[in-house]
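Q: Before I ask anything, let me first share the structure, which is written out below as structure tokens.
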Amino acid sequence: MSTAPAHDTTAEDVRPAKNGFDKFFEISRRGSTLGTEIRGGIVTFVTMAYIVILNPIILGGTKDVAGLALNGQQVAAVTALTAGVMTILFGLISRLPFAFAAGLGINSFLAVSVVGQLTWPEAMGLVIIDGLIIVLLSATGLRRMIMDAIPMELKIAITVGIGLFIAFIGMVDAGFVSATGLGSPPVGLGADGSIATIPTALFVLTLLLAAILMARKIKAALLIALVSGTVLSMIIEAIWHLGAKGPKNPGGWSMSIPTLPSQWLSMPDLSLVGHVDLVGSWGRIGAIACIMLVFTLVFSNFFDAMGTMTGLAEEAGLSDGKGNFPRLKSALIIEGVGAVMGGATSGSSNTVFVESASGIGEGARTGVANLVTGVLFLLAMFLTPLTSIVPSEVAAAALVIVGALMMSQIRRVDFHEISVLIPVFVTVVAMPFTYSIANGIGAGFIAWVVVRSLAGKARQISPLLWIVAVGFAIYFARGPLELLIGG
């Protein structure tokens, strides 16, 4: 499969719209087809469906300051609901193939660092405030100004870093890379330096199948590989009964067991919708502590999503020479709305998912893919048992393939100048090494302004980039600062 943008054509090559639907979503104009968009939407859902299972584990497994935990089935229902609504809304307004779901960084932060101090409704209230701030920054144009201030080299580095990040996620999810627990090295191959489980071997097989099909330019290569891997996993489970992975069963499936459920339909419980307290946190822990929590949420949400959208647009060939893409302002505003919606439904902040790159890798270029993904998420509310059919080991193969495609953008960076090489390198490696897109962006920004300015290039740096770099320095030092303020 070629990594060239599907829509990158001359004015004479642009195909006329077939109908109003085609014209609205610019399907033909971007060199795509309805069938390609549908396939892309399905692939994106398949690689994202795990969030309906994982989000309840993260949020439902933690008790708040009052000793109460969220109900797992209720979290699953609102996770699917919010992802479906936001994905469809983004597809209709921004007409881009970027799907939404509960952001893993934010939900983990809430579970680990926030609800030990607050109740769940109070924590979700802070998420809503975070979203409102992001909407305001986007509506006033400040978020766009920050994106424009980022040098093209850093935008490309963000794309490449995201590619390595999602490839690393895929390998970890598949058990191909795992923590050694020995301190040095911190990670290793599989279990004790070898591929020791059938699910991990299935990941390798699915990955190779996808690579071969794509190399032979077979249409729907990723979808064929994912379906084939899923069918094979079901056969394997039926024969060997591997079961769920655990301390007593290290060779099992890591997240979901690929079997047909006995019960297909279940009515979603949406009791968590509106279960929010916007003001309780300020009285419970004080204004300063709340401001620090909101600051962390905004910074993580703001730059994680910005980096993800930049990378996805670049990979889809939808960005211009400056890294901007169609309907950028509306995209940024809706991303902020995702945080508000996620807080209001108690499913955590919803944001653009980097796994959307899998659908883009399948050829998706328009918001039609989002409509498909969004409808599948809404159906998942009623068919929650079916979302567990595709094991994460199979879905992980798509992430590795797409990560490789995104890494190819690095060829556009001129590495002859050391003051460009170092910040780009820091941006790229910090994302997978720290398991955070926002951390990679922040480290890259700081490295860029420091190295470039001391190399005599200070006049070429936007003042806004300096401000953001200082903000990231504060963000990285927030732990000691909280201690100083608290003291």
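Following the order of the structure tokens, chains are lettered A, B, ..., residues in each are numbered from 1, and ligands are numbered from 1.
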Extract, using only C-alpha atoms, all DNA, RNA and protein residues at most 8 Å from Thr87 (chain A), discarding same-chain residues fewer than 3 positions from it, and format them as a VMD selection string.
A: chain A and resid 83 to 84 90 to 91 98 to 101 370 to 371 373 to 374
Q: Could you give me, as a PyMOL selection string, the residues within 12 Å of region 451-464 of chain A, counting only C-alpha atoms and dropping anything in the same chain fewer than 2 positions from it?
A: chain A and resi 142-151+417-424+426+443-449+466-471
Q: As a ChimeraX atom specification, please: the residues near Phe382 (chain A) (cut-off 9 Å, only C-alpha atoms, same-chain neighbours under 2 positions excluded).
A: /A:77,264-268,378-380,384-385
Q: Would you mind listing what lies within 12 Å of Thr206 (chain A) as a ChimeraX atom specification, with only C-alpha atoms counted and same-chain residues fewer than 3 positions away left out?
A: /A:174,199-203,209-213,221-233,391-401
Q: Take the residues just selected and output them with C-alpha atoms as a PDB file, in the first residue's frame.
A:
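And here is the file that came out, out37.pdb:
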```pdb
ATOM      1  CA  ALA A 174       0.079  -7.961  22.210  1.00  0.00           C
ATOM      2  CA  PRO A 199      -1.965 -14.869  21.561  1.00  0.00           C
ATOM      3  CA  THR A 200       1.385 -13.136  21.005  1.00  0.00           C
ATOM      4  CA  ALA A 201       2.214 -15.541  18.196  1.00  0.00           C
ATOM      5  CA  LEU A 202      -1.188 -14.742  16.672  1.00  0.00           C
ATOM      6  CA  PHE A 203      -0.268 -11.037  16.818  1.00  0.00           C
ATOM      7  CA  LEU A 209      -0.416 -11.094   6.958  1.00  0.00           C
ATOM      8  CA  ALA A 210      -1.320  -7.387   6.971  1.00  0.00           C
ATOM      9  CA  ALA A 211       2.175  -6.425   5.812  1.00  0.00           C
ATOM     10  CA  ILE A 212       2.126  -8.958   2.968  1.00  0.00           C
ATOM     11  CA  LEU A 213      -1.341  -7.911   1.777  1.00  0.00           C
ATOM     12  CA  ALA A 221      -5.638  -5.323   3.514  1.00  0.00           C
ATOM     13  CA  LEU A 222      -5.948  -4.275   7.157  1.00  0.00           C
ATOM     14  CA  LEU A 223      -9.585  -5.341   7.412  1.00  0.00           C
ATOM     15  CA  ILE A 224      -8.835  -8.734   5.842  1.00  0.00           C
ATOM     16  CA  ALA A 225      -5.950  -9.260   8.262  1.00  0.00           C
ATOM     17  CA  LEU A 226      -8.038  -8.276  11.292  1.00  0.00           C
ATOM     18  CA  VAL A 227     -10.964 -10.502  10.308  1.00  0.00           C
ATOM     19  CA  SER A 228      -8.632 -13.419   9.548  1.00  0.00           C
ATOM     20  CA  GLY A 229      -6.814 -12.973  12.864  1.00  0.00           C
ATOM     21  CA  THR A 230     -10.109 -12.825  14.761  1.00  0.00           C
ATOM     22  CA  VAL A 231     -11.510 -15.971  13.115  1.00  0.00           C
ATOM     23  CA  LEU A 232      -8.262 -17.819  13.798  1.00  0.00           C
ATOM     24  CA  SER A 233      -8.282 -16.645  17.416  1.00  0.00           C
ATOM     25  CA  PRO A 391      -8.783  -9.870  20.965  1.00  0.00           C
ATOM     26  CA  SER A 392      -6.433  -6.974  21.621  1.00  0.00           C
ATOM     27  CA  GLU A 393      -3.550  -9.085  20.275  1.00  0.00           C
ATOM     28  CA  VAL A 394      -5.175  -9.064  16.826  1.00  0.00           C
ATOM     29  CA  ALA A 395      -6.131  -5.366  16.911  1.00  0.00           C
ATOM     30  CA  ALA A 396      -2.573  -4.528  17.983  1.00  0.00           C
ATOM     31  CA  ALA A 397      -1.226  -5.662  14.618  1.00  0.00           C
ATOM     32  CA  ALA A 398      -3.038  -2.780  12.890  1.00  0.00           C
ATOM     33  CA  LEU A 399      -1.455  -0.280  15.276  1.00  0.00           C
ATOM     34  CA  VAL A 400       2.052  -1.495  14.456  1.00  0.00           C
ATOM     35  CA  ILE A 401       1.408  -1.337  10.705  1.00  0.00           C
TER      36      ILE A 401
END
```
Q: For the helix (DSSP H, G or I) assignment from backbone DSSP, which residues of region 23-159 of chain A qualify? Please present them as a ChimeraX atom specification.
A: /A:23-25,34-48,50-60,72-93,104-114,120-139,142-149,152-159
Q: DSSP on the backbone, strand (DSSP E or B) only: what residues of region 230-415 of chain A does that give? Format it as a ChimeraX atom specification.
A: /A:244,246,249,253,350-352
Q: Keeping only N, CA, C and O atoms, write the selected residues as a PDB file, in the first residue's frame.
A:
```
ATOM      1  N   ALA A 244      -8.735 -16.148  30.080  1.00  0.00           N
ATOM      2  CA  ALA A 244      -8.211 -14.805  30.336  1.00  0.00           C
ATOM      3  C   ALA A 244      -6.820 -14.874  30.959  1.00  0.00           C
ATOM      4  O   ALA A 244      -6.531 -15.755  31.778  1.00  0.00           O
ATOM      5  N   GLY A 246      -3.828 -14.041  33.404  1.00  0.00           N
ATOM      6  CA  GLY A 246      -3.756 -13.702  34.821  1.00  0.00           C
ATOM      7  C   GLY A 246      -2.517 -14.328  35.440  1.00  0.00           C
ATOM      8  O   GLY A 246      -1.754 -15.028  34.761  1.00  0.00           O
ATOM      9  N   ASN A 249      -2.482 -17.835  34.843  1.00  0.00           N
ATOM     10  CA  ASN A 249      -2.660 -18.214  33.438  1.00  0.00           C
ATOM     11  C   ASN A 249      -1.965 -17.187  32.536  1.00  0.00           C
ATOM     12  O   ASN A 249      -2.619 -16.427  31.823  1.00  0.00           O
ATOM     13  N   TRP A 253      -5.570 -14.719  27.001  1.00  0.00           N
ATOM     14  CA  TRP A 253      -5.818 -13.494  26.241  1.00  0.00           C
ATOM     15  C   TRP A 253      -5.764 -12.314  27.211  1.00  0.00           C
ATOM     16  O   TRP A 253      -6.325 -12.365  28.299  1.00  0.00           O
ATOM     17  N   ASN A 350     -13.512  12.856  26.374  1.00  0.00           N
ATOM     18  CA  ASN A 350     -13.394  12.215  25.067  1.00  0.00           C
ATOM     19  C   ASN A 350     -12.533  13.064  24.150  1.00  0.00           C
ATOM     20  O   ASN A 350     -12.682  14.293  24.099  1.00  0.00           O
ATOM     21  N   THR A 351     -11.664  12.415  23.442  1.00  0.00           N
ATOM     22  CA  THR A 351     -10.727  13.127  22.582  1.00  0.00           C
ATOM     23  C   THR A 351     -10.460  12.314  21.326  1.00  0.00           C
ATOM     24  O   THR A 351     -10.891  11.160  21.210  1.00  0.00           O
ATOM     25  N   VAL A 352      -9.758  12.914  20.372  1.00  0.00           N
ATOM     26  CA  VAL A 352      -9.398  12.213  19.141  1.00  0.00           C
ATOM     27  C   VAL A 352      -8.506  11.027  19.488  1.00  0.00           C
ATOM     28  O   VAL A 352      -7.550  11.167  20.248  1.00  0.00           O
TER      29      VAL A 352
END
```
Q: Applying 8 Å and only C-alpha atoms, which residues near Leu297 (chain A) remain after dropping the ones on its own chain fewer than 5 positions away? List them as an MDAnalysis selection string.
A: chainID A and resid 106 127 130
Q: Find the residue from A:Gly161, A:Pro258, A:Pro121, A:Gly60 that sits nearest to Thr79 (chain A); use only C-alpha atoms when measuring.
A: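 Closest residue, counting only C-alpha atoms: A:Gly60.
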Q: Quick one, how far is CA of Phe165 (chain A) from CA of Ala404 (chain A)?
A: 10.4 Å
Q: Name the closest residue to Thr159 (chain A) among the candidates A:Gly342, A:Gly321, A:Leu484, A:Thr310; distances are taken between atoms, counting only C-alpha atoms.
A: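 The closest residue to Thr159 (chain A) is A:Thr310.
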Q: Using only C-alpha atoms, which residues sit within 9 Å of Leu312 (chain A) once same-chain residues fewer than 3 positions away are excluded, as JSON, numbers by chain?
A: {"A": [97, 98, 159, 307, 308, 309, 315, 316, 317, 318, 354, 356, 357, 360, 406]}
Q: Can I get the selected residues back with N, CA, C and O atoms, as an mmCIF file, in the first residue's frame?
A:
```
data_model
loop_
_atom_site.group_PDB
_atom_site.id
_atom_site.type_symbol
_atom_site.label_atom_id
_atom_site.label_comp_id
_atom_site.auth_asym_id
_atom_site.auth_seq_id
_atom_site.Cartn_x
_atom_site.Cartn_y
_atom_site.Cartn_z
ATOM 1 N N PRO A 97 -11.729 12.011 9.190
ATOM 2 C CA PRO A 97 -11.841 10.627 9.695
ATOM 3 C C PRO A 97 -11.133 10.413 11.025
ATOM 4 O O PRO A 97 -10.342 9.483 11.191
ATOM 5 N N PHE A 98 -11.426 11.290 12.004
ATOM 6 C CA PHE A 98 -10.797 11.208 13.320
ATOM 7 C C PHE A 98 -11.859 10.787 14.340
ATOM 8 O O PHE A 98 -12.749 11.570 14.666
ATOM 9 N N THR A 159 4.152 13.739 14.259
ATOM 10 C CA THR A 159 3.563 12.647 13.485
ATOM 11 C C THR A 159 4.366 11.369 13.650
ATOM 12 O O THR A 159 3.810 10.289 13.905
ATOM 13 N N GLY A 307 -1.577 17.272 18.983
ATOM 14 C CA GLY A 307 -0.560 16.446 18.349
ATOM 15 C C GLY A 307 -1.170 15.302 17.561
ATOM 16 O O GLY A 307 -0.723 14.985 16.452
ATOM 17 N N THR A 308 -2.201 14.686 18.128
ATOM 18 C CA THR A 308 -2.851 13.563 17.448
ATOM 19 C C THR A 308 -3.490 14.012 16.145
ATOM 20 O O THR A 308 -3.324 13.366 15.098
ATOM 21 N N MET A 309 -4.227 15.129 16.171
ATOM 22 C CA MET A 309 -4.870 15.618 14.951
ATOM 23 C C MET A 309 -3.847 16.024 13.905
ATOM 24 O O MET A 309 -4.029 15.778 12.711
ATOM 25 N N GLU A 315 -0.773 12.122 8.026
ATOM 26 C CA GLU A 315 -0.780 10.770 7.475
ATOM 27 C C GLU A 315 -1.858 10.607 6.405
ATOM 28 O O GLU A 315 -1.661 9.890 5.418
ATOM 29 N N ALA A 316 -2.989 11.292 6.580
ATOM 30 C CA ALA A 316 -4.074 11.203 5.601
ATOM 31 C C ALA A 316 -3.834 12.080 4.382
ATOM 32 O O ALA A 316 -4.598 12.020 3.422
ATOM 33 N N GLY A 317 -2.781 12.896 4.421
ATOM 34 C CA GLY A 317 -2.518 13.800 3.309
ATOM 35 C C GLY A 317 -3.495 14.951 3.240
ATOM 36 O O GLY A 317 -3.739 15.507 2.179
ATOM 37 N N LEU A 318 -4.068 15.325 4.384
ATOM 38 C CA LEU A 318 -5.071 16.388 4.421
ATOM 39 C C LEU A 318 -4.506 17.720 4.880
ATOM 40 O O LEU A 318 -5.226 18.712 4.934
ATOM 41 N N VAL A 354 -5.789 8.164 18.602
ATOM 42 C CA VAL A 354 -4.697 7.925 17.666
ATOM 43 C C VAL A 354 -4.944 6.665 16.846
ATOM 44 O O VAL A 354 -4.426 6.515 15.741
ATOM 45 N N SER A 356 -7.357 6.070 15.185
ATOM 46 C CA SER A 356 -8.009 6.463 13.929
ATOM 47 C C SER A 356 -7.062 6.280 12.752
ATOM 48 O O SER A 356 -7.497 6.155 11.604
ATOM 49 N N ALA A 357 -5.770 6.265 13.041
ATOM 50 C CA ALA A 357 -4.779 6.069 11.985
ATOM 51 C C ALA A 357 -4.946 4.728 11.294
ATOM 52 O O ALA A 357 -4.555 4.562 10.128
ATOM 53 N N ILE A 360 -7.380 5.355 8.587
ATOM 54 C CA ILE A 360 -6.701 6.156 7.564
ATOM 55 C C ILE A 360 -5.771 5.271 6.755
ATOM 56 O O ILE A 360 -5.653 5.402 5.530
ATOM 57 N N MET A 406 3.273 5.942 9.511
ATOM 58 C CA MET A 406 3.439 7.309 10.006
ATOM 59 C C MET A 406 4.918 7.664 10.155
ATOM 60 O O MET A 406 5.314 8.808 9.983
#
```
Q: Which is closer to Ile133 (chain A) than all the others in A:Ile156, A:Leu328, A:Ile333, A:Ala49, using only C-alpha atoms?
A: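 Between A:Ile156, A:Leu328, A:Ile333, A:Ala49, the residue approaching Ile133 (chain A) most closely is A:Ile333.
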Q: Rank A:Leu118, A:Val402, A:Ala69, A:Met48 by their smallest atom-to-atom distance to Gly280 (chain A), using only C-alpha atoms, and report the top residue only.
A: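 That would be A:Leu118, the residue with the smallest distance to Gly280 (chain A).
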Q: Which residue gives the smallest distance to Ser113 (chain A) among A:Leu278, A:Ile410, A:Met341, A:Met292, with only C-alpha atoms counted?
A: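 Nearest candidate to Ser113 (chain A) out of A:Leu278, A:Ile410, A:Met341, A:Met292: A:Met292.
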Q: At a cut-off of 7 Å, using only C-alpha atoms, what residues contact Ile162 (chain A)? Leave out same-chain residues fewer than 6 positions from it and give the result as a PDB file with N, CA, C and O atoms, in the first residue's frame.
A:
```pdb
ATOM      1  N   GLY A 311      -0.848  14.755  13.528  1.00  0.00           N
ATOM      2  CA  GLY A 311      -0.285  13.528  12.974  1.00  0.00           C
ATOM      3  C   GLY A 311      -1.239  12.805  12.045  1.00  0.00           C
ATOM      4  O   GLY A 311      -0.844  12.332  10.971  1.00  0.00           O
ATOM      5  N   MET A 431       7.742  10.414  23.229  1.00  0.00           N
ATOM      6  CA  MET A 431       6.365   9.910  23.223  1.00  0.00           C
ATOM      7  C   MET A 431       6.279   8.445  23.618  1.00  0.00           C
ATOM      8  O   MET A 431       5.565   8.090  24.562  1.00  0.00           O
ATOM      9  N   ILE A 437       1.759  11.413  24.443  1.00  0.00           N
ATOM     10  CA  ILE A 437       1.945  12.335  23.327  1.00  0.00           C
ATOM     11  C   ILE A 437       2.258  13.730  23.848  1.00  0.00           C
ATOM     12  O   ILE A 437       3.148  14.416  23.340  1.00  0.00           O
TER      13      ILE A 437
END
```
Q: Rank nothing, just name the residue among A:Leu104, A:Leu68, A:Leu293, A:Leu242 nearest to Leu54 (chain A), using only C-alpha atoms.
A: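 Of all the options, A:Leu104 lies closest to Leu54 (chain A).
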